[in-house]
$ cat input-v5.cif   # mmCIF, C-alpha atoms
data_final
#
loop_
_atom_site.label_atom_id
_atom_site.label_comp_id
_atom_site.auth_asym_id
_atom_site.auth_seq_id
_atom_site.Cartn_x
_atom_site.Cartn_y
_atom_site.Cartn_z
CA MET A 28 31.73 30.37 -4.98
CA TYR A 29 33.01 28.21 -7.86
CA ILE A 30 30.75 25.39 -9.05
CA ILE A 31 31.61 22.69 -11.61
CA VAL A 32 28.69 20.96 -13.32
CA VAL A 33 29.42 17.68 -15.13
CA GLY A 34 26.98 16.51 -17.78
CA GLY A 35 25.22 18.76 -20.28
CA GLY A 36 21.87 17.03 -20.58
CA LYS A 37 18.62 18.83 -19.79
CA VAL A 38 19.39 18.92 -16.06
CA GLY A 39 22.97 20.12 -16.53
CA PHE A 40 21.94 22.74 -19.06
CA TYR A 41 19.18 24.32 -16.98
CA LEU A 42 21.20 24.01 -13.81
CA THR A 43 24.11 25.89 -15.39
CA GLN A 44 21.75 28.53 -16.74
CA THR A 45 20.12 29.01 -13.33
CA LEU A 46 23.40 29.14 -11.40
CA LEU A 47 24.88 31.63 -13.88
CA GLY A 48 21.74 33.74 -13.53
CA GLU A 49 22.22 33.77 -9.77
CA GLY A 50 25.70 35.13 -10.24
CA TYR A 51 27.80 32.08 -9.40
CA GLU A 52 31.04 31.24 -11.16
CA VAL A 53 30.10 28.07 -13.06
CA LEU A 54 31.86 25.71 -15.45
CA LEU A 55 29.93 23.05 -17.37
CA ILE A 56 31.82 19.95 -18.54
CA GLU A 57 30.29 17.98 -21.41
CA ARG A 58 31.72 15.05 -23.39
CA ASN A 59 29.86 15.62 -26.66
CA ALA A 60 31.78 18.20 -28.75
CA ALA A 61 28.76 19.18 -30.86
CA LYS A 62 26.79 19.97 -27.70
CA VAL A 63 29.70 21.96 -26.31
CA GLU A 64 29.73 24.10 -29.43
CA ARG A 65 26.04 24.84 -29.02
CA PHE A 66 26.47 25.63 -25.32
CA VAL A 67 29.37 27.99 -25.99
CA GLU A 68 27.09 29.97 -28.31
CA GLY A 69 24.57 30.29 -25.50
CA PHE A 70 26.70 30.55 -22.39
CA GLY A 71 30.02 31.88 -23.67
CA GLY A 72 33.27 30.48 -22.38
CA VAL A 73 31.98 28.64 -19.34
CA VAL A 74 31.82 25.26 -21.10
CA LEU A 75 34.61 22.71 -21.28
CA ALA A 76 34.70 19.70 -23.61
CA GLY A 77 35.86 16.53 -21.94
CA ASP A 78 35.12 13.53 -19.77
CA GLY A 79 34.42 14.79 -16.27
CA ALA A 80 35.51 11.48 -14.74
CA GLU A 81 39.03 12.00 -16.11
CA THR A 82 41.43 13.65 -13.74
CA VAL A 83 42.95 15.65 -16.60
CA THR A 84 39.59 17.23 -17.39
CA LEU A 85 38.86 18.06 -13.77
CA ALA A 86 42.35 19.53 -13.38
CA ALA A 87 41.84 21.69 -16.49
CA ALA A 88 38.51 22.78 -15.01
CA GLY A 89 40.29 23.98 -11.89
CA ALA A 90 38.65 21.43 -9.62
CA ALA A 91 41.24 22.12 -6.92
CA ARG A 92 39.65 25.51 -6.23
CA ALA A 93 36.05 24.38 -6.77
CA ASP A 94 33.69 24.64 -3.81
CA VAL A 95 31.08 22.32 -5.28
CA VAL A 96 31.12 19.63 -7.96
CA ILE A 97 27.72 18.53 -9.29
CA ALA A 98 27.51 15.40 -11.46
CA VAL A 99 24.26 15.18 -13.40
CA THR A 100 24.92 12.82 -16.31
CA GLY A 101 22.41 10.12 -17.18
CA GLU A 102 24.73 7.35 -15.95
CA ASP A 103 24.99 6.63 -12.25
CA GLU A 104 28.45 5.07 -12.54
CA ASP A 105 29.78 8.24 -14.17
CA ASN A 106 28.21 10.51 -11.55
CA LEU A 107 29.68 8.35 -8.79
CA VAL A 108 33.22 8.39 -10.18
CA VAL A 109 33.13 12.14 -10.99
CA CYS A 110 32.26 12.89 -7.36
CA GLN A 111 34.71 10.40 -5.87
CA VAL A 112 37.60 11.67 -8.02
CA ALA A 113 36.66 15.28 -7.15
CA LYS A 114 36.75 14.39 -3.46
CA GLN A 115 39.84 12.16 -3.43
CA LYS A 116 42.08 13.93 -5.95
CA PHE A 117 40.95 17.52 -5.57
CA GLN A 118 39.56 17.65 -2.02
CA VAL A 119 36.35 19.29 -3.20
CA GLY A 120 34.29 20.10 -0.10
CA ARG A 121 30.83 19.33 -1.43
CA THR A 122 29.92 16.77 -4.08
CA ILE A 123 26.38 16.38 -5.36
CA ALA A 124 25.36 13.44 -7.54
CA ARG A 125 22.22 12.87 -9.52
CA VAL A 126 21.00 9.33 -8.96
CA ASN A 127 19.08 7.91 -11.89
CA ASN A 128 18.30 4.55 -10.33
CA PRO A 129 16.70 5.20 -6.91
CA LYS A 130 18.25 1.97 -5.65
CA ASN A 131 21.66 3.64 -5.79
CA GLU A 132 20.85 6.48 -3.41
CA GLN A 133 21.96 4.71 -0.24
CA LEU A 134 24.97 3.21 -1.98
CA PHE A 135 26.20 6.64 -3.05
CA ARG A 136 25.97 7.86 0.53
CA LEU A 137 27.91 4.82 1.69
CA LEU A 138 30.56 5.64 -0.92
CA GLY A 139 31.09 9.16 0.38
CA ILE A 140 28.97 11.35 -1.88
CA ASP A 141 27.78 14.35 0.17
CA VAL A 142 24.39 14.85 -1.42
CA THR A 143 22.35 12.63 -3.71
CA VAL A 144 19.41 13.79 -5.76
CA SER A 145 17.11 11.13 -7.10
CA GLN A 146 14.89 12.72 -9.69
CA THR A 147 12.98 9.48 -10.12
CA ASN A 148 12.01 9.58 -6.45
CA TYR A 149 11.07 13.25 -6.61
CA ILE A 150 8.85 12.71 -9.61
CA LEU A 151 7.29 9.64 -8.01
CA ASN A 152 6.55 11.67 -4.87
CA LEU A 153 4.96 14.50 -6.82
CA ILE A 154 2.80 12.11 -8.78
CA GLU A 155 1.83 10.22 -5.62
CA GLN A 156 0.68 13.45 -4.01
CA ALA A 157 -1.39 14.24 -7.08
CA ILE A 158 -3.19 10.89 -7.16
CA PRO A 159 -6.51 11.22 -5.31
CA GLU A 160 -7.42 8.68 -2.62
CA ARG A 161 -3.84 7.96 -1.70
CA SER A 162 -3.98 7.44 2.02
CA PHE A 163 -0.29 7.63 2.99
CA VAL A 164 2.13 9.76 1.04
CA HIS A 165 5.80 10.23 1.70
CA LEU A 166 6.35 13.97 1.21
CA LEU A 167 10.02 14.49 1.86
CA SER A 168 13.11 12.73 3.17
CA LEU A 169 15.34 14.64 5.52
CA ARG A 170 18.28 12.59 4.54
CA HIS A 171 20.95 13.37 7.04
CA ALA A 172 18.65 12.78 9.95
CA ASP A 173 16.98 9.73 8.39
CA LEU A 174 13.67 11.47 8.91
CA ALA A 175 10.69 11.62 6.60
CA ILE A 176 7.71 13.94 6.41
CA VAL A 177 4.55 12.03 5.51
CA ASP A 178 0.93 12.87 4.83
CA ALA A 179 -1.53 10.26 6.09
CA LYS A 180 -5.28 10.43 5.54
CA VAL A 181 -6.95 9.13 8.70
CA SER A 182 -9.41 6.37 7.87
CA ALA A 183 -12.71 5.89 9.72
CA GLY A 184 -11.49 2.59 11.12
CA SER A 185 -8.26 4.00 12.51
CA VAL A 186 -7.77 3.78 16.28
CA VAL A 187 -6.82 7.47 16.31
CA ALA A 188 -10.13 8.64 14.80
CA HIS A 189 -12.11 10.78 17.27
CA ARG A 190 -9.23 10.74 19.74
CA ALA A 191 -7.34 13.73 21.09
CA VAL A 192 -3.72 14.04 19.98
CA GLY A 193 -2.62 13.80 23.62
CA GLU A 194 -4.26 10.38 24.02
CA ILE A 195 -2.53 8.80 21.04
CA VAL A 196 0.50 6.65 21.64
CA LEU A 197 2.67 7.35 18.61
CA PRO A 198 5.56 5.13 17.55
CA VAL A 199 8.90 6.32 18.93
CA ASN A 200 10.65 9.04 16.93
CA THR A 201 7.45 10.32 15.36
CA THR A 202 5.51 13.49 15.93
CA ILE A 203 2.38 15.03 14.48
CA ALA A 204 3.35 18.38 13.01
CA ALA A 205 0.09 19.56 11.51
CA ILE A 206 -3.42 18.47 10.63
CA SER A 207 -4.99 19.49 7.36
CA ARG A 208 -8.79 19.47 7.59
CA GLY A 209 -10.63 20.73 4.51
CA PRO A 210 -9.43 24.30 3.94
CA HIS A 211 -7.84 24.59 7.40
CA LEU A 212 -4.35 23.78 8.51
CA ILE A 213 -4.35 23.10 12.26
CA VAL A 214 -1.29 23.16 14.46
CA PRO A 215 -2.37 20.53 16.94
CA THR A 216 -2.28 20.72 20.71
CA ALA A 217 -2.79 17.76 23.04
CA ALA A 218 -6.52 18.54 23.06
CA THR A 219 -7.01 18.60 19.27
CA GLU A 220 -9.36 15.83 18.21
CA ILE A 221 -8.42 13.88 15.10
CA LEU A 222 -11.30 13.23 12.72
CA PRO A 223 -11.62 10.65 9.98
CA GLY A 224 -10.62 12.24 6.70
CA ASP A 225 -8.00 14.49 8.34
CA ASP A 226 -4.64 14.68 6.63
CA VAL A 227 -2.08 14.17 9.34
CA ILE A 228 1.30 15.66 8.48
CA ALA A 229 3.82 13.79 10.58
CA VAL A 230 7.56 13.67 10.97
CA ALA A 231 8.80 10.12 11.38
CA HIS A 232 12.04 8.23 11.49
CA ARG A 233 12.41 6.12 8.34
CA ASP A 234 12.07 2.91 10.33
CA GLN A 235 8.81 4.05 11.92
CA GLU A 236 7.04 4.98 8.70
CA ASP A 237 5.29 1.63 8.34
CA GLU A 238 4.17 1.54 11.95
CA LEU A 239 2.74 5.04 11.62
CA ARG A 240 0.93 4.00 8.48
CA ARG A 241 -0.69 1.06 10.30
CA LEU A 242 -1.76 3.33 13.11
CA LEU A 243 -3.37 6.08 11.04
CA VAL A 244 -4.54 4.31 7.93
CA VAL A 245 -6.67 1.18 7.98
CA ASP A 246 -6.98 -0.31 4.53
CA MET B 25 31.11 -9.04 -14.93
CA GLY B 26 31.73 -8.22 -18.60
CA CYS B 27 31.99 -11.03 -21.15
CA GLY B 28 34.50 -9.45 -23.49
CA ARG B 29 37.72 -11.16 -24.54
CA VAL B 30 39.23 -10.99 -21.07
CA GLY B 31 36.04 -11.82 -19.20
CA ALA B 32 35.22 -14.80 -21.41
CA ARG B 33 38.77 -16.13 -21.16
CA VAL B 34 38.96 -15.74 -17.37
CA ALA B 35 35.53 -17.37 -16.96
CA GLY B 36 36.49 -20.24 -19.31
CA ILE B 37 39.76 -21.00 -17.52
CA LEU B 38 38.25 -20.81 -14.01
CA ASP B 39 35.38 -23.05 -15.11
CA HIS B 40 37.83 -25.48 -16.68
CA ASN B 41 39.76 -25.57 -13.39
CA GLY B 42 36.66 -26.69 -11.55
CA HIS B 43 35.40 -23.40 -10.04
CA ARG B 44 31.75 -22.35 -10.01
CA VAL B 45 31.53 -19.35 -12.36
CA THR B 46 28.71 -16.95 -13.29
CA VAL B 47 29.25 -14.42 -16.09
CA ILE B 48 27.20 -11.21 -16.26
CA ASP B 49 26.84 -9.12 -19.40
CA THR B 50 24.24 -6.65 -20.65
CA ASP B 51 24.37 -8.18 -24.14
CA SER B 52 23.44 -11.86 -24.57
CA ARG B 53 25.53 -12.03 -27.75
CA ALA B 54 28.67 -11.51 -25.68
CA PHE B 55 28.28 -15.00 -24.22
CA ARG B 56 29.23 -16.43 -27.64
CA ARG B 57 32.82 -15.63 -26.68
CA LEU B 58 32.71 -18.30 -23.96
CA PRO B 59 34.25 -21.70 -24.79
CA SER B 60 31.72 -24.15 -26.24
CA ASP B 61 32.15 -26.48 -23.27
CA PHE B 62 31.62 -23.69 -20.68
CA GLY B 63 29.77 -25.23 -17.75
CA GLY B 64 29.09 -22.08 -15.69
CA GLU B 65 26.07 -19.77 -15.54
CA THR B 66 25.36 -16.72 -17.69
CA LEU B 67 23.18 -13.82 -16.62
CA ILE B 68 21.97 -10.86 -18.69
CA GLY B 69 22.06 -7.60 -16.75
CA THR B 70 24.27 -4.85 -15.43
CA GLY B 71 26.65 -5.59 -12.60
CA ILE B 72 26.14 -2.16 -11.05
CA ASP B 73 22.65 -3.30 -10.01
CA GLU B 74 22.64 -4.93 -6.57
CA ASP B 75 19.66 -7.12 -7.52
CA VAL B 76 21.47 -8.46 -10.58
CA LEU B 77 24.54 -9.20 -8.46
CA ARG B 78 22.34 -10.98 -5.92
CA ALA B 79 20.74 -13.05 -8.69
CA ALA B 80 24.26 -13.96 -9.82
CA GLY B 81 24.92 -15.37 -6.35
CA ILE B 82 27.33 -12.68 -5.17
CA GLU B 83 26.41 -13.35 -1.53
CA GLU B 84 28.22 -16.69 -1.71
CA ALA B 85 30.99 -15.58 -4.09
CA SER B 86 34.62 -15.84 -3.05
CA ALA B 87 35.75 -13.55 -5.87
CA PHE B 88 34.31 -10.83 -8.11
CA VAL B 89 35.98 -9.63 -11.31
CA ALA B 90 34.88 -6.41 -13.07
CA VAL B 91 36.18 -6.34 -16.65
CA THR B 92 33.62 -4.46 -18.75
CA ASN B 93 34.84 -1.80 -21.18
CA GLY B 94 33.66 0.99 -18.91
CA ASP B 95 36.09 2.10 -16.22
CA ASN B 96 33.35 3.75 -14.19
CA ARG B 97 31.06 0.75 -14.39
CA ASN B 98 33.89 -1.49 -13.17
CA ILE B 99 34.73 0.92 -10.36
CA MET B 100 31.13 1.16 -9.16
CA ALA B 101 30.47 -2.58 -9.36
CA ALA B 102 33.74 -3.38 -7.57
CA GLN B 103 32.85 -1.02 -4.73
CA VAL B 104 29.39 -2.58 -4.43
CA ALA B 105 30.95 -6.06 -4.32
CA ARG B 106 33.49 -5.04 -1.71
CA LEU B 107 31.49 -2.74 0.57
CA VAL B 108 27.91 -4.00 0.25
CA PHE B 109 28.48 -7.72 -0.26
CA GLU B 110 31.94 -7.99 1.35
CA VAL B 111 33.28 -10.33 -1.32
CA PRO B 112 36.74 -11.45 -0.12
CA GLU B 113 38.54 -10.95 -3.46
CA VAL B 114 37.48 -8.12 -5.77
CA ILE B 115 39.42 -7.29 -8.93
CA CYS B 116 38.68 -4.24 -11.03
CA ARG B 117 40.05 -3.30 -14.46
CA ILE B 118 40.60 0.42 -15.01
CA TYR B 119 42.07 1.63 -18.31
CA ASP B 120 42.76 5.18 -17.12
CA PRO B 121 46.05 5.10 -15.13
CA VAL B 122 45.17 8.15 -13.03
CA ARG B 123 41.79 6.77 -12.01
CA GLU B 124 43.45 3.43 -11.34
CA ASP B 125 45.87 5.13 -8.97
CA THR B 126 43.02 6.90 -7.15
CA TYR B 127 41.04 3.72 -6.55
CA ARG B 128 44.09 1.62 -5.66
CA ARG B 129 44.72 4.16 -2.89
CA LEU B 130 41.10 3.73 -1.81
CA GLY B 131 41.77 0.02 -1.35
CA LEU B 132 40.47 -1.62 -4.52
CA THR B 133 42.54 -4.34 -6.19
CA THR B 134 43.02 -2.79 -9.61
CA ILE B 135 44.53 -3.81 -12.92
CA CYS B 136 45.48 -1.14 -15.43
CA PRO B 137 46.14 -2.64 -18.89
CA THR B 138 47.41 0.73 -20.12
CA THR B 139 50.25 0.78 -17.58
CA SER B 140 51.14 -2.91 -17.76
CA VAL B 141 51.07 -3.18 -21.57
CA SER B 142 53.09 0.04 -21.89
CA ALA B 143 55.69 -1.34 -19.48
CA VAL B 144 56.05 -4.54 -21.52
CA VAL B 145 56.34 -2.58 -24.77
CA ILE B 146 58.96 -0.24 -23.30
CA ASP B 147 60.86 -3.24 -21.97
CA HIS B 148 61.01 -4.67 -25.49
CA VAL B 149 61.93 -1.37 -27.12
CA ILE B 150 64.71 -0.47 -24.72
CA GLY B 151 65.72 -4.07 -24.11
CA ALA B 152 65.42 -5.67 -20.70
CA SER B 153 69.07 -6.79 -20.81
CA GLU B 154 70.26 -3.25 -21.35
CA THR B 155 68.26 -2.06 -18.35
CA LEU B 156 69.66 -4.89 -16.21
CA GLY B 157 73.20 -4.20 -17.48
CA GLY B 158 72.82 -0.54 -16.57
CA ALA B 159 71.66 -1.46 -13.08
CA ARG B 160 74.57 -3.84 -12.58
CA GLY B 161 76.99 -1.18 -13.80
CA GLY B 162 75.54 1.29 -11.34
CA GLY B 163 75.92 -1.14 -8.43
CA ALA B 164 79.59 -1.93 -9.13
#
$ encode --input "input-v5.cif" --output "structure tokens"
Amino acid sequence: MYIIVVGGGKVGFYLTQTLLGEGYEVLLIERNAAKVERFVEGFGGVVLAGDGAETVTLAAAGAARADVVIAVTGEDEDNLVVCQVAKQKFQVGRTIARVNNPKNEQLFRLLGIDVTVSQTNYILNLIEQAIPERSFVHLLSLRHADLAIVDAKVSAGSVVAHRAVGEIVLPVNTTIAAISRGPHLIVPTAATEILPGDDVIAVAHRDQEDELRRLLVVD
Amino acid sequence: MGCGRVGARVAGILDHNGHRVTVIDTDSRAFRRLPSDFGGETLIGTGIDEDVLRAAGIEEASAFVAVTNGDNRNIMAAQVARLVFEVPEVICRIYDPVREDTYRRLGLTTICPTTSVSAVVIDHVIGASETLGGARGGGA
């Protein structure tokens, strides 16, 4: 598998290092010549100086035979164009773009980018999970299905408290996957009673997240 | 979007002709390029941000022009204007001829100063009359 990485910032650097370590054929494209020199010392000849959004650079990088192009510069507009040019001009099968501004995630999907990675969102999620007393935390988005995995702490005033899972009318397109109670993780059956303070791990369609929150968490 | 020489001139002329114009630029100093009697709006921000475009009134706009110095910024903003806000007329400046070709094929209305200025220069160097004469000779 041949992978082209565009952008030699921290993400691009460690990504290249990791992929090389896993035995992939990798080429890193970086605009800054001084950085390229430093990378060549570390990585050897798998670094190319140039602007990854320019067709000439991508052609020199052998984009036509690349299986994956990953754009991880700090500028969303550059990542977008790198991936679009890779797709349109070189028919690259899989393009992955880093999204710096979380607002652009949906836009990139609309514009044909196969995979978007929003590090801002990931970091926000991790921090959210670490903040105590957060009652409803979005754990993960399953992008292509528009599904989300959420963790909701059941409040004492919730209508589901002291009710069996089978009695609860959940919003459409949602399901309770697990209940975390103190040290125990419970895979619920219809008879499992939900207690206040339980962490309910649920899978929900994006549109149903708010409804689920209202059901489980009473502020 | 982009209040450089071209952006400021386009905005000034359209304003002068009685159109409602809003100019977006990330640098407030760029607005000094606008004519002193410019009657339109100015907005500080980046045109690749949907919220900035909304604040600029893009939802009612009949045309959007992307003429910053960054090809990629222009390309992204033009696609947002066309696909998200469905602006009827979207014009995008792209300096790189190859990228211009790619996005023209994707349906953007593009202007490539590199290609058009080169064509004019070549016309002058070779001589338009000579080219025409050659064509006439070939047809006879």
$ resolve_selection --input "input-v5.cif" --expression "the PyMOL selection byres ((chain A) within 10 of (chain B))" --output "list in words"
Ala80, Glu81, Thr82, Val83, Glu102, Asp103, Glu104, Asp105, Asn106, Leu107, Val108, Val109, Gln111, Val112, Gln115, Lys116, Asn128, Lys130, Asn131, Leu134, Phe135, Leu137 and Leu138 of chain A
$ resolve_selection --input "input-v5.cif" --expression "the PyMOL selection byres ((chain A and resi 227) around 7)" --output "tab-separated table (two decimals) with C-alpha atoms, in the frame of the given file"
chain	number	residue	atom	x	y	z
A	178	ASP	CA	0.93	12.87	4.83
A	179	ALA	CA	-1.53	10.26	6.09
A	180	LYS	CA	-5.28	10.43	5.54
A	203	ILE	CA	2.38	15.03	14.48
A	205	ALA	CA	0.09	19.56	11.51
A	206	ILE	CA	-3.42	18.47	10.63
A	207	SER	CA	-4.99	19.49	7.36
A	225	ASP	CA	-8.00	14.49	8.34
A	226	ASP	CA	-4.64	14.68	6.63
A	228	ILE	CA	1.30	15.66	8.48
A	229	ALA	CA	3.82	13.79	10.58
$ resolve_selection --input "input-v5.cif" --expression "the PyMOL selection byres ((chain B and resi 114-117) around 12)" --output "PDB file with C-alpha atoms, in the frame of the given file"
ATOM      1  CA  MET B  25      31.110  -9.040 -14.930  1.00  0.00           C
ATOM      2  CA  GLY B  26      31.730  -8.220 -18.600  1.00  0.00           C
ATOM      3  CA  VAL B  30      39.230 -10.990 -21.070  1.00  0.00           C
ATOM      4  CA  GLY B  31      36.040 -11.820 -19.200  1.00  0.00           C
ATOM      5  CA  VAL B  34      38.960 -15.740 -17.370  1.00  0.00           C
ATOM      6  CA  ILE B  82      27.330 -12.680  -5.170  1.00  0.00           C
ATOM      7  CA  ALA B  85      30.990 -15.580  -4.090  1.00  0.00           C
ATOM      8  CA  SER B  86      34.620 -15.840  -3.050  1.00  0.00           C
ATOM      9  CA  ALA B  87      35.750 -13.550  -5.870  1.00  0.00           C
ATOM     10  CA  PHE B  88      34.310 -10.830  -8.110  1.00  0.00           C
ATOM     11  CA  VAL B  89      35.980  -9.630 -11.310  1.00  0.00           C
ATOM     12  CA  ALA B  90      34.880  -6.410 -13.070  1.00  0.00           C
ATOM     13  CA  VAL B  91      36.180  -6.340 -16.650  1.00  0.00           C
ATOM     14  CA  THR B  92      33.620  -4.460 -18.750  1.00  0.00           C
ATOM     15  CA  ASN B  93      34.840  -1.800 -21.180  1.00  0.00           C
ATOM     16  CA  GLY B  94      33.660   0.990 -18.910  1.00  0.00           C
ATOM     17  CA  ASP B  95      36.090   2.100 -16.220  1.00  0.00           C
ATOM     18  CA  ASN B  96      33.350   3.750 -14.190  1.00  0.00           C
ATOM     19  CA  ARG B  97      31.060   0.750 -14.390  1.00  0.00           C
ATOM     20  CA  ASN B  98      33.890  -1.490 -13.170  1.00  0.00           C
ATOM     21  CA  ILE B  99      34.730   0.920 -10.360  1.00  0.00           C
ATOM     22  CA  MET B 100      31.130   1.160  -9.160  1.00  0.00           C
ATOM     23  CA  ALA B 101      30.470  -2.580  -9.360  1.00  0.00           C
ATOM     24  CA  ALA B 102      33.740  -3.380  -7.570  1.00  0.00           C
ATOM     25  CA  GLN B 103      32.850  -1.020  -4.730  1.00  0.00           C
ATOM     26  CA  VAL B 104      29.390  -2.580  -4.430  1.00  0.00           C
ATOM     27  CA  ALA B 105      30.950  -6.060  -4.320  1.00  0.00           C
ATOM     28  CA  ARG B 106      33.490  -5.040  -1.710  1.00  0.00           C
ATOM     29  CA  LEU B 107      31.490  -2.740   0.570  1.00  0.00           C
ATOM     30  CA  PHE B 109      28.480  -7.720  -0.260  1.00  0.00           C
ATOM     31  CA  GLU B 110      31.940  -7.990   1.350  1.00  0.00           C
ATOM     32  CA  VAL B 111      33.280 -10.330  -1.320  1.00  0.00           C
ATOM     33  CA  PRO B 112      36.740 -11.450  -0.120  1.00  0.00           C
ATOM     34  CA  GLU B 113      38.540 -10.950  -3.460  1.00  0.00           C
ATOM     35  CA  ILE B 118      40.600   0.420 -15.010  1.00  0.00           C
ATOM     36  CA  TYR B 119      42.070   1.630 -18.310  1.00  0.00           C
ATOM     37  CA  ASP B 120      42.760   5.180 -17.120  1.00  0.00           C
ATOM     38  CA  PRO B 121      46.050   5.100 -15.130  1.00  0.00           C
ATOM     39  CA  ARG B 123      41.790   6.770 -12.010  1.00  0.00           C
ATOM     40  CA  GLU B 124      43.450   3.430 -11.340  1.00  0.00           C
ATOM     41  CA  ASP B 125      45.870   5.130  -8.970  1.00  0.00           C
ATOM     42  CA  TYR B 127      41.040   3.720  -6.550  1.00  0.00           C
ATOM     43  CA  ARG B 128      44.090   1.620  -5.660  1.00  0.00           C
ATOM     44  CA  GLY B 131      41.770   0.020  -1.350  1.00  0.00           C
ATOM     45  CA  LEU B 132      40.470  -1.620  -4.520  1.00  0.00           C
ATOM     46  CA  THR B 133      42.540  -4.340  -6.190  1.00  0.00           C
ATOM     47  CA  THR B 134      43.020  -2.790  -9.610  1.00  0.00           C
ATOM     48  CA  ILE B 135      44.530  -3.810 -12.920  1.00  0.00           C
ATOM     49  CA  CYS B 136      45.480  -1.140 -15.430  1.00  0.00           C
ATOM     50  CA  PRO B 137      46.140  -2.640 -18.890  1.00  0.00           C
ATOM     51  CA  THR B 138      47.410   0.730 -20.120  1.00  0.00           C
ATOM     52  CA  THR B 139      50.250   0.780 -17.580  1.00  0.00           C
ATOM     53  CA  SER B 140      51.140  -2.910 -17.760  1.00  0.00           C
TER      54      SER B 140
END
$ closest_residue --input "input-v5.cif" --among "B:Cys27, B:Leu77, B:Ile150, B:Val45" --to "Glu65 in chain B" --atoms "only C-alpha atoms"
B:Val45
$ closest_residue --input "input-v5.cif" --among "A:Leu239, A:Val38, A:Ile154, A:Leu46" --to "Val187 in chain A" --atoms "all atoms listed in the file"
A:Leu239
$ residues_around --input "input-v5.cif" --residues "Gln118 in chain A" --least-positions-apart "4" --cutoff "10 Å" --atoms "all atoms listed in the file" --output "PDB file with C-alpha atoms, in the coordinates of the input"
ATOM      1  CA  ALA A  90      38.650  21.430  -9.620  1.00  0.00           C
ATOM      2  CA  ALA A  91      41.240  22.120  -6.920  1.00  0.00           C
ATOM      3  CA  ARG A  92      39.650  25.510  -6.230  1.00  0.00           C
ATOM      4  CA  ALA A  93      36.050  24.380  -6.770  1.00  0.00           C
ATOM      5  CA  ASP A  94      33.690  24.640  -3.810  1.00  0.00           C
ATOM      6  CA  GLN A 111      34.710  10.400  -5.870  1.00  0.00           C
ATOM      7  CA  VAL A 112      37.600  11.670  -8.020  1.00  0.00           C
ATOM      8  CA  ALA A 113      36.660  15.280  -7.150  1.00  0.00           C
ATOM      9  CA  LYS A 114      36.750  14.390  -3.460  1.00  0.00           C
ATOM     10  CA  THR A 122      29.920  16.770  -4.080  1.00  0.00           C
TER      11      THR A 122
END
$ atom_distance --input "input-v5.cif" --atom1 "CA of Thr147 in chain A" --atom2 "CA of Gln133 in chain A"
14.2 Å
$ closest_residue --input "input-v5.cif" --among "A:Gly34, A:Gly79, A:Val99, A:Gly48" --to "Lys62 in chain A" --atoms "only C-alpha atoms"
A:Gly34
$ residues_around --input "input-v5.cif" --residues "Ile48 in chain B" --least-positions-apart "3" --cutoff "8 Å" --atoms "all atoms listed in the file" --output "NGL selection string"
:B and (25-27 or 66-71 or 80)
$ closest_residue --input "input-v5.cif" --among "A:Ala61, A:Ala124, A:Leu166, A:Ala231" --to "Leu153 in chain A" --atoms "all atoms listed in the file"
A:Leu166
$ atom_distance --input "input-v5.cif" --atom1 "CA of Val144 in chain A" --atom2 "CA of Ala98 in chain A"
10.0 Å
$ residues_around --input "input-v5.cif" --residues "Phe70 in chain A" --least-positions-apart "3" --cutoff "12 Å" --atoms "only C-alpha atoms" --output "number ranges by chain"
A: 40-41, 43-48, 53-55, 62-67, 73-75
$ atom_distance --input "input-v5.cif" --atom1 "CA of Lys37 in chain A" --atom2 "CA of Ile140 in chain A"
22.0 Å
